[in-house]
Amino acid sequence: MTNDLFLRALRGEVVERPPVWIMRQAGRYLPDFMKLKAKYDFFTRCRTPELATEITVMPIDQIGTDAAILFSDILVLPQAMGLPFEMKPGKGPFLASPVRSKSDAERVYVPDVEEELDYVMNAIRMTKSELNGRVPLIGFAGSPWTIFCYSIEGQGSKTFNLAKEFAFTNPSAAHSLLQKITDTTIAYLRAQIKSGVDVVQVFDSWGGVLSPVDFEIFSGQYLRQIVEAVKDEAPVIVFAKGCWHALSTLSASGASALGLDWTIRPEAARELAGGDITLQGNFDPARLYSSAGEIKGMVWDMIDAFGKDRYIVNLGHGILPDIPVDNVLAFVDAVKTYPQKP
Ligand code: 1CP
């Protein structure tokens, strides 16, 4: 690997500077991505290895991040489990017949992921060959709770109250569905690793809608099953947005790193997560609207606060679609020019 900074930071080694990548870097704001988006619908971009590869490698060539993340979506997994999600342009995921009853949940099945999601594996192999060892490739999946949220709700939501209602009033059906999603996710991440990804990240984008007690019941235990099953095959990063209360339990899960959103101070996150684990984050995505000079100052302060070791610079959530490319370059450049302290 020509640039293995990201892998070394995940192992907790002393590094010359922290690595940087950006959640959702493989889409959204790059003009060349917009051109492909105008030509091909979302799942065509995911299912065509040439397109997924081109989009994945784009930020490596144009932005210079230290890791690539495969262009795909967390919802390809429930699609393979019999939930035919569509992507509505400008709106996001949509499932015409969401899971609303025990019998709906029973119809969801554990597929053969290597067969059903072979296009993901083909995209990984093609991307690895195109990257040619320049930077590591990150594979990913949604957390069982987050996939459950979309499967019940059928679309995005600010609160996911329908998903919570289902979980709280049908706990046994909810747990059997969460377990099927967990089993599929483990097989899926293992298949991604076998196809060549160097690291995997699990996105619990909606763990933060749960109370700390319910998080443990409906999300934490499934996240831990995944980490346990995968950690000996590749480093695992767990990003549980809005779940600072779970940092200490997640830190004991065997994950190599924990992702953080922007609402927590670096010092507090270090204290909650404990000594050895690598932390990743947590620049407010909207702070990329600031000037290049301000971005640089804030990034340097952030690295000072986390410390340059056991740390991966990232945003606290996905990049916003209208961030000017020059500001993204300023963010990455700030990390690369971070002054070494004696
Ligand atoms: O046509 C388009 O381009 C639609 C926009 C888009 C893109 C570029 C969606 C729809 N998904 C993606 C790609 C994607 N999604 C990646 C690829 C890598 C990258 O861009 O860097 C990744 C890692 C995801 C993960 C994802 N999808 C998450 C977890 C991360 C997060 O942001 O919290 C979630 C929650 C989704 C669901 C999803 N897919 C797309 C949208 C608009 C949404 C969110 C819907 C909502 O508001 O709830």
# chains A, B, ... in the order shown; residues from 1 in each chain; ligands from 1
call {"tool": "closest_atom_pairs", "arguments": {"of": "chain A", "to": "ligand 1", "cutoff": "7 Å", "atoms": "only C-alpha atoms and all ligand atoms", "output": "Markdown table"}}
result
| residue | atom | partner | partner_atom_place_in_ligand_line | distance |
| --- | --- | --- | --- | --- |
| A:Met23 | CA | ligand 1 | 21 (O) | 5.4 |
| A:Arg24 | CA | ligand 1 | 21 (O) | 2.8 |
| A:Gln25 | CA | ligand 1 | 21 (O) | 3.9 |
| A:Ala26 | CA | ligand 1 | 21 (O) | 3.6 |
| A:Gly27 | CA | ligand 1 | 20 (O) | 4.3 |
| A:Arg28 | CA | ligand 1 | 8 (C) | 5.4 |
| A:Lys37 | CA | ligand 1 | 3 (O) | 6.1 |
| A:Asp41 | CA | ligand 1 | 1 (O) | 6.4 |
| A:Phe42 | CA | ligand 1 | 1 (O) | 4.4 |
| A:Ile69 | CA | ligand 1 | 18 (C) | 5.6 |
| A:Leu70 | CA | ligand 1 | 18 (C) | 5.6 |
| A:Phe71 | CA | ligand 1 | 17 (C) | 4.1 |
| A:Ser72 | CA | ligand 1 | 17 (C) | 4.7 |
| A:Asp73 | CA | ligand 1 | 15 (N) | 4.1 |
| A:Ile74 | CA | ligand 1 | 27 (N) | 5.0 |
| A:Leu75 | CA | ligand 1 | 37 (C) | 6.6 |
| A:Met87 | CA | ligand 1 | 10 (C) | 6.6 |
| A:Pro89 | CA | ligand 1 | 1 (O) | 5.9 |
| A:Lys91 | CA | ligand 1 | 42 (C) | 6.4 |
| A:Gly92 | CA | ligand 1 | 42 (C) | 3.9 |
| A:Pro93 | CA | ligand 1 | 45 (C) | 5.8 |
| A:Phe140 | CA | ligand 1 | 23 (C) | 6.6 |
| A:Gly142 | CA | ligand 1 | 29 (C) | 6.2 |
| A:Gln155 | CA | ligand 1 | 48 (O) | 6.5 |
| A:Gly156 | CA | ligand 1 | 48 (O) | 3.4 |
| A:Ser157 | CA | ligand 1 | 48 (O) | 5.8 |
| A:Phe203 | CA | ligand 1 | 29 (C) | 5.2 |
| A:Ser205 | CA | ligand 1 | 33 (O) | 4.3 |
| A:His317 | CA | ligand 1 | 32 (O) | 6.2 |
| A:Gly318 | CA | ligand 1 | 32 (O) | 5.0 |
call {"tool": "residues_around", "arguments": {"residues": "Lys341 (chain A)", "least_positions_apart": "5", "cutoff": "12 Å", "atoms": "only C-alpha atoms", "output": "PyMOL selection string"}}
result
chain A and resi 16-17+300+303-304+307-308
call {"tool": "residues_around", "arguments": {"residues": "Arg270 (chain A)", "least_positions_apart": "3", "cutoff": "12 Å", "atoms": "only C-alpha atoms", "output": "VMD selection string"}}
result
chain A and resid 244 247 to 248 251 257 to 260 264 to 267 273 to 280 305 to 307 309 to 311
call {"tool": "write_last_selection", "arguments": {"atoms": "C-alpha atoms", "output": "PDB file, in the first residue's frame"}}
result
ATOM      1  CA  TRP A 244     -21.988   9.527  22.830  1.00  0.00           C
ATOM      2  CA  LEU A 247     -18.792   5.278  23.594  1.00  0.00           C
ATOM      3  CA  SER A 248     -17.530   3.264  26.533  1.00  0.00           C
ATOM      4  CA  SER A 251     -15.063   0.917  22.788  1.00  0.00           C
ATOM      5  CA  ALA A 257     -12.200   2.961  15.813  1.00  0.00           C
ATOM      6  CA  LEU A 258     -15.326   4.868  16.796  1.00  0.00           C
ATOM      7  CA  GLY A 259     -16.822   7.636  14.667  1.00  0.00           C
ATOM      8  CA  LEU A 260     -18.106  10.783  16.356  1.00  0.00           C
ATOM      9  CA  ILE A 264     -19.091  16.178  21.476  1.00  0.00           C
ATOM     10  CA  ARG A 265     -15.804  17.728  22.628  1.00  0.00           C
ATOM     11  CA  PRO A 266     -12.727  15.686  21.675  1.00  0.00           C
ATOM     12  CA  GLU A 267     -11.575  15.604  25.320  1.00  0.00           C
ATOM     13  CA  ALA A 273     -14.021   5.897  24.955  1.00  0.00           C
ATOM     14  CA  GLY A 274     -11.020   5.189  27.150  1.00  0.00           C
ATOM     15  CA  GLY A 275      -7.324   4.871  26.414  1.00  0.00           C
ATOM     16  CA  ASP A 276      -6.437   2.898  23.322  1.00  0.00           C
ATOM     17  CA  ILE A 277      -9.130   3.221  20.737  1.00  0.00           C
ATOM     18  CA  THR A 278      -8.783   5.357  17.623  1.00  0.00           C
ATOM     19  CA  LEU A 279     -11.411   8.088  17.235  1.00  0.00           C
ATOM     20  CA  GLN A 280     -12.732   9.454  13.946  1.00  0.00           C
ATOM     21  CA  ALA A 305      -7.653  18.531  20.842  1.00  0.00           C
ATOM     22  CA  PHE A 306      -7.816  14.893  19.688  1.00  0.00           C
ATOM     23  CA  GLY A 307      -4.038  14.485  19.423  1.00  0.00           C
ATOM     24  CA  ASP A 309      -2.198   9.737  17.081  1.00  0.00           C
ATOM     25  CA  ARG A 310      -5.092   7.271  17.358  1.00  0.00           C
ATOM     26  CA  TYR A 311      -7.092   9.789  15.364  1.00  0.00           C
TER      27      TYR A 311
END
call {"tool": "select_by_dssp", "arguments": {"residues": "region 37-286 of chain A", "states": "strand (DSSP E or B)", "output": "MDAnalysis selection string"}}
result
chainID A and resid 68:69 86:88 92:94 137:142 155 199:204 236:240 257:259 278:283
call {"tool": "write_last_selection", "arguments": {"atoms": "C-alpha atoms", "output": "PDB file, in the first residue's frame"}}
result
ATOM      1  CA  ALA A  68     -11.508   5.511  -0.550  1.00  0.00           C
ATOM      2  CA  ILE A  69     -15.061   4.444   0.365  1.00  0.00           C
ATOM      3  CA  GLU A  86     -36.241   2.596  -4.683  1.00  0.00           C
ATOM      4  CA  MET A  87     -34.319   5.869  -4.659  1.00  0.00           C
ATOM      5  CA  LYS A  88     -36.525   8.867  -5.374  1.00  0.00           C
ATOM      6  CA  GLY A  92     -34.143   9.584  -0.945  1.00  0.00           C
ATOM      7  CA  PRO A  93     -35.045   5.978  -0.192  1.00  0.00           C
ATOM      8  CA  PHE A  94     -38.619   4.766  -0.647  1.00  0.00           C
ATOM      9  CA  LEU A 137     -10.641   0.879   0.383  1.00  0.00           C
ATOM     10  CA  ILE A 138     -13.429   1.082   2.978  1.00  0.00           C
ATOM     11  CA  GLY A 139     -16.475  -1.185   2.661  1.00  0.00           C
ATOM     12  CA  PHE A 140     -19.594  -0.505   4.708  1.00  0.00           C
ATOM     13  CA  ALA A 141     -23.059  -1.467   5.844  1.00  0.00           C
ATOM     14  CA  GLY A 142     -25.829   0.158   7.844  1.00  0.00           C
ATOM     15  CA  GLN A 155     -38.484   6.303   3.902  1.00  0.00           C
ATOM     16  CA  VAL A 199     -11.542  -1.797   6.405  1.00  0.00           C
ATOM     17  CA  VAL A 200     -15.290  -1.783   7.096  1.00  0.00           C
ATOM     18  CA  GLN A 201     -17.453   0.903   8.663  1.00  0.00           C
ATOM     19  CA  VAL A 202     -20.885   0.300  10.170  1.00  0.00           C
ATOM     20  CA  PHE A 203     -23.178   3.348  10.013  1.00  0.00           C
ATOM     21  CA  ASP A 204     -25.672   3.565  12.858  1.00  0.00           C
ATOM     22  CA  VAL A 236     -14.036  -2.229  11.991  1.00  0.00           C
ATOM     23  CA  ILE A 237     -15.122   1.403  12.492  1.00  0.00           C
ATOM     24  CA  VAL A 238     -18.445   1.960  14.270  1.00  0.00           C
ATOM     25  CA  PHE A 239     -20.149   5.298  13.641  1.00  0.00           C
ATOM     26  CA  ALA A 240     -23.181   5.629  15.913  1.00  0.00           C
ATOM     27  CA  ALA A 257     -12.200   2.961  15.813  1.00  0.00           C
ATOM     28  CA  LEU A 258     -15.326   4.868  16.796  1.00  0.00           C
ATOM     29  CA  GLY A 259     -16.822   7.636  14.667  1.00  0.00           C
ATOM     30  CA  THR A 278      -8.783   5.357  17.623  1.00  0.00           C
ATOM     31  CA  LEU A 279     -11.411   8.088  17.235  1.00  0.00           C
ATOM     32  CA  GLN A 280     -12.732   9.454  13.946  1.00  0.00           C
ATOM     33  CA  GLY A 281     -14.493  12.736  13.248  1.00  0.00           C
ATOM     34  CA  ASN A 282     -15.968  15.191  14.004  1.00  0.00           C
ATOM     35  CA  PHE A 283     -15.948  18.470  12.054  1.00  0.00           C
TER      36      PHE A 283
END
call {"tool": "residues_around", "arguments": {"residues": "Arg224 (chain A)", "least_positions_apart": "3", "cutoff": "9 Å", "atoms": "only C-alpha atoms", "output": "MDAnalysis selection string"}}
result
chainID A and resid 219:221 227:229 250 253:255
call {"tool": "write_last_selection", "arguments": {"atoms": "all heavy atoms", "output": "CSV table (one decimal), in the first residue's frame"}}
result
chain,number,residue,atom,x,y,z
A,219,SER,N,-30.0,-1.7,19.4
A,219,SER,CA,-28.9,-1.5,18.5
A,219,SER,C,-27.6,-2.0,19.0
A,219,SER,O,-26.9,-2.8,18.3
A,219,SER,CB,-28.7,0.1,18.2
A,219,SER,OG,-27.8,0.3,17.2
A,220,GLY,N,-27.2,-1.7,20.2
A,220,GLY,CA,-25.8,-2.0,20.7
A,220,GLY,C,-25.5,-3.5,20.6
A,220,GLY,O,-24.4,-3.9,20.2
A,221,GLN,N,-26.4,-4.3,21.1
A,221,GLN,CA,-26.1,-5.8,21.1
A,221,GLN,C,-25.9,-6.3,19.7
A,221,GLN,O,-25.1,-7.2,19.5
A,221,GLN,CB,-27.2,-6.6,21.8
A,221,GLN,CG,-28.6,-6.5,21.2
A,221,GLN,CD,-29.5,-7.6,21.8
A,221,GLN,OE1,-29.1,-8.8,21.8
A,221,GLN,NE2,-30.7,-7.3,22.1
A,227,VAL,N,-19.3,-6.6,15.1
A,227,VAL,CA,-17.8,-6.4,15.3
A,227,VAL,C,-17.1,-7.7,15.7
A,227,VAL,O,-16.1,-8.0,15.2
A,227,VAL,CB,-17.7,-5.3,16.5
A,227,VAL,CG1,-16.2,-5.1,16.8
A,227,VAL,CG2,-18.3,-4.0,16.1
A,228,GLU,N,-17.7,-8.4,16.6
A,228,GLU,CA,-17.1,-9.7,17.1
A,228,GLU,C,-16.9,-10.6,15.9
A,228,GLU,O,-15.9,-11.3,15.8
A,228,GLU,CB,-18.1,-10.3,18.1
A,228,GLU,CG,-17.6,-11.6,18.8
A,228,GLU,CD,-16.3,-11.4,19.5
A,228,GLU,OE1,-16.0,-10.4,20.1
A,228,GLU,OE2,-15.5,-12.4,19.3
A,229,ALA,N,-17.9,-10.7,15.0
A,229,ALA,CA,-17.8,-11.6,13.9
A,229,ALA,C,-16.8,-11.2,12.8
A,229,ALA,O,-16.3,-12.0,12.0
A,229,ALA,CB,-19.1,-11.8,13.3
A,250,LEU,N,-19.1,0.7,23.3
A,250,LEU,CA,-18.7,0.3,22.0
A,250,LEU,C,-17.2,0.2,21.9
A,250,LEU,O,-16.6,-0.6,21.1
A,250,LEU,CB,-19.2,1.4,21.0
A,250,LEU,CG,-20.7,1.5,20.7
A,250,LEU,CD1,-21.1,2.6,19.9
A,250,LEU,CD2,-21.2,0.1,20.1
A,253,SER,N,-16.0,-3.2,22.4
A,253,SER,CA,-16.6,-4.2,21.5
A,253,SER,C,-15.5,-4.9,20.7
A,253,SER,O,-15.8,-5.9,20.1
A,253,SER,CB,-17.6,-3.5,20.6
A,253,SER,OG,-16.9,-2.6,19.7
A,254,GLY,N,-14.3,-4.3,20.6
A,254,GLY,CA,-13.3,-4.9,19.7
A,254,GLY,C,-13.2,-4.1,18.4
A,254,GLY,O,-12.4,-4.4,17.5
A,255,ALA,N,-14.0,-3.0,18.3
A,255,ALA,CA,-13.8,-2.2,17.1
A,255,ALA,C,-12.5,-1.5,17.1
A,255,ALA,O,-11.9,-1.2,18.2
A,255,ALA,CB,-14.9,-1.1,17.1
call {"tool": "select_by_dssp", "arguments": {"residues": "region 4-41 of chain A", "states": "alpha helix (DSSP H)", "output": "list in words"}}
result
Leu5, Phe6, Leu7, Arg8, Ala9, Leu10, Pro31, Asp32, Phe33, Met34, Lys35, Leu36, Lys37, Ala38 and Lys39 of chain A
call {"tool": "closest_residue", "arguments": {"among": "A:Tyr119, A:Phe168, A:Trp21, A:Phe6", "to": "Arg45 (chain A)", "atoms": "only C-alpha atoms"}}
result
A:Tyr119
call {"tool": "residues_around", "arguments": {"residues": "Arg134 (chain A)", "least_positions_apart": "4", "cutoff": "9 Å", "atoms": "only C-alpha atoms", "output": "list in words"}}
result
Met1, Thr2, Asn3, Asp4, Ile60, Asp66 and Ala67 of chain A
call {"tool": "closest_residue", "arguments": {"among": "A:Gly82, A:Val135, A:Ile312, A:Gln62", "to": "Asp104 (chain A)", "atoms": "only C-alpha atoms"}}
result
A:Gly82
call {"tool": "closest_residue", "arguments": {"among": "A:Phe160, A:Thr44, A:Glu54, A:Thr184", "to": "Val108 (chain A)", "atoms": "only C-alpha atoms"}}
result
A:Thr184
call {"tool": "atom_distance", "arguments": {"atom1": "CA of Phe85 (chain A)", "atom2": "CA of Ile226 (chain A)"}}
result
23.2 Å
call {"tool": "closest_residue", "arguments": {"among": "A:Val20, A:Ala234, A:Val76, A:Ala163", "to": "Lys194 (chain A)", "atoms": "only C-alpha atoms"}}
result
A:Ala234
call {"tool": "residues_around", "arguments": {"residues": "Pro31 (chain A)", "least_positions_apart": "3", "cutoff": "12 Å", "atoms": "only C-alpha atoms", "output": "number ranges by chain"}}
result
A: 26-28, 34-38, 55, 58-59, 62, 321-326
call {"tool": "write_last_selection", "arguments": {"atoms": "N, CA and C atoms", "output": "PDB file, in the first residue's frame"}}
result
ATOM      1  N   ALA A  26     -17.722  10.018  -1.795  1.00  0.00           N
ATOM      2  CA  ALA A  26     -17.792   9.444  -3.129  1.00  0.00           C
ATOM      3  C   ALA A  26     -19.055   9.855  -3.876  1.00  0.00           C
ATOM      4  N   GLY A  27     -19.582  11.006  -3.597  1.00  0.00           N
ATOM      5  CA  GLY A  27     -20.762  11.445  -4.332  1.00  0.00           C
ATOM      6  C   GLY A  27     -21.029  12.881  -3.958  1.00  0.00           C
ATOM      7  N   ARG A  28     -22.204  13.299  -4.236  1.00  0.00           N
ATOM      8  CA  ARG A  28     -22.691  14.581  -3.736  1.00  0.00           C
ATOM      9  C   ARG A  28     -22.091  15.826  -4.365  1.00  0.00           C
ATOM     10  N   MET A  34     -21.793  14.883 -10.446  1.00  0.00           N
ATOM     11  CA  MET A  34     -23.088  15.439 -10.880  1.00  0.00           C
ATOM     12  C   MET A  34     -23.387  15.043 -12.328  1.00  0.00           C
ATOM     13  N   LYS A  35     -22.341  15.029 -13.158  1.00  0.00           N
ATOM     14  CA  LYS A  35     -22.556  14.663 -14.566  1.00  0.00           C
ATOM     15  C   LYS A  35     -23.025  13.217 -14.681  1.00  0.00           C
ATOM     16  N   LEU A  36     -22.416  12.318 -13.904  1.00  0.00           N
ATOM     17  CA  LEU A  36     -22.842  10.911 -13.941  1.00  0.00           C
ATOM     18  C   LEU A  36     -24.237  10.761 -13.358  1.00  0.00           C
ATOM     19  N   LYS A  37     -24.524  11.576 -12.319  1.00  0.00           N
ATOM     20  CA  LYS A  37     -25.834  11.519 -11.671  1.00  0.00           C
ATOM     21  C   LYS A  37     -26.940  11.941 -12.633  1.00  0.00           C
ATOM     22  N   ALA A  38     -26.625  12.920 -13.513  1.00  0.00           N
ATOM     23  CA  ALA A  38     -27.621  13.376 -14.483  1.00  0.00           C
ATOM     24  C   ALA A  38     -27.903  12.294 -15.523  1.00  0.00           C
ATOM     25  N   ILE A  55     -16.694   6.521  -9.564  1.00  0.00           N
ATOM     26  CA  ILE A  55     -17.144   7.448  -8.511  1.00  0.00           C
ATOM     27  C   ILE A  55     -16.322   7.257  -7.230  1.00  0.00           C
ATOM     28  N   MET A  58     -12.833   8.888  -7.748  1.00  0.00           N
ATOM     29  CA  MET A  58     -12.868  10.333  -8.027  1.00  0.00           C
ATOM     30  C   MET A  58     -12.280  11.201  -6.892  1.00  0.00           C
ATOM     31  N   PRO A  59     -12.727  11.031  -5.642  1.00  0.00           N
ATOM     32  CA  PRO A  59     -12.163  11.889  -4.583  1.00  0.00           C
ATOM     33  C   PRO A  59     -10.697  11.603  -4.282  1.00  0.00           C
ATOM     34  N   GLN A  62      -9.142  13.706  -7.066  1.00  0.00           N
ATOM     35  CA  GLN A  62      -9.462  15.136  -7.112  1.00  0.00           C
ATOM     36  C   GLN A  62      -9.357  15.844  -5.766  1.00  0.00           C
ATOM     37  N   PRO A 321     -24.315  18.503   0.008  1.00  0.00           N
ATOM     38  CA  PRO A 321     -24.146  18.475  -1.447  1.00  0.00           C
ATOM     39  C   PRO A 321     -23.645  19.785  -2.060  1.00  0.00           C
ATOM     40  N   ASP A 322     -23.847  20.912  -1.382  1.00  0.00           N
ATOM     41  CA  ASP A 322     -23.497  22.181  -2.035  1.00  0.00           C
ATOM     42  C   ASP A 322     -22.223  22.814  -1.467  1.00  0.00           C
ATOM     43  N   ILE A 323     -21.368  22.025  -0.852  1.00  0.00           N
ATOM     44  CA  ILE A 323     -20.101  22.571  -0.347  1.00  0.00           C
ATOM     45  C   ILE A 323     -19.165  22.819  -1.542  1.00  0.00           C
ATOM     46  N   PRO A 324     -18.582  24.036  -1.636  1.00  0.00           N
ATOM     47  CA  PRO A 324     -17.654  24.301  -2.742  1.00  0.00           C
ATOM     48  C   PRO A 324     -16.434  23.376  -2.666  1.00  0.00           C
ATOM     49  N   VAL A 325     -16.026  22.872  -3.836  1.00  0.00           N
ATOM     50  CA  VAL A 325     -14.895  21.938  -3.880  1.00  0.00           C
ATOM     51  C   VAL A 325     -13.652  22.564  -3.240  1.00  0.00           C
ATOM     52  N   ASP A 326     -13.450  23.873  -3.435  1.00  0.00           N
ATOM     53  CA  ASP A 326     -12.267  24.523  -2.849  1.00  0.00           C
ATOM     54  C   ASP A 326     -12.255  24.412  -1.319  1.00  0.00           C
TER      55      ASP A 326
END
call {"tool": "residues_around", "arguments": {"residues": "region 121-129 of chain A", "least_positions_apart": "5", "cutoff": "7 Å", "atoms": "only C-alpha atoms", "output": "MDAnalysis selection string"}}
result
chainID A and resid 49 52:53 192 195:197
call {"tool": "closest_residue", "arguments": {"among": "A:Glu106, A:Glu130, A:Asp232, A:Glu13", "to": "Ser176 (chain A)", "atoms": "only C-alpha atoms"}}
result
A:Glu106
call {"tool": "closest_residue", "arguments": {"among": "A:Ser101, A:Thr146, A:Asn161, A:Thr263", "to": "Thr182 (chain A)", "atoms": "only C-alpha atoms"}}
result
A:Thr146
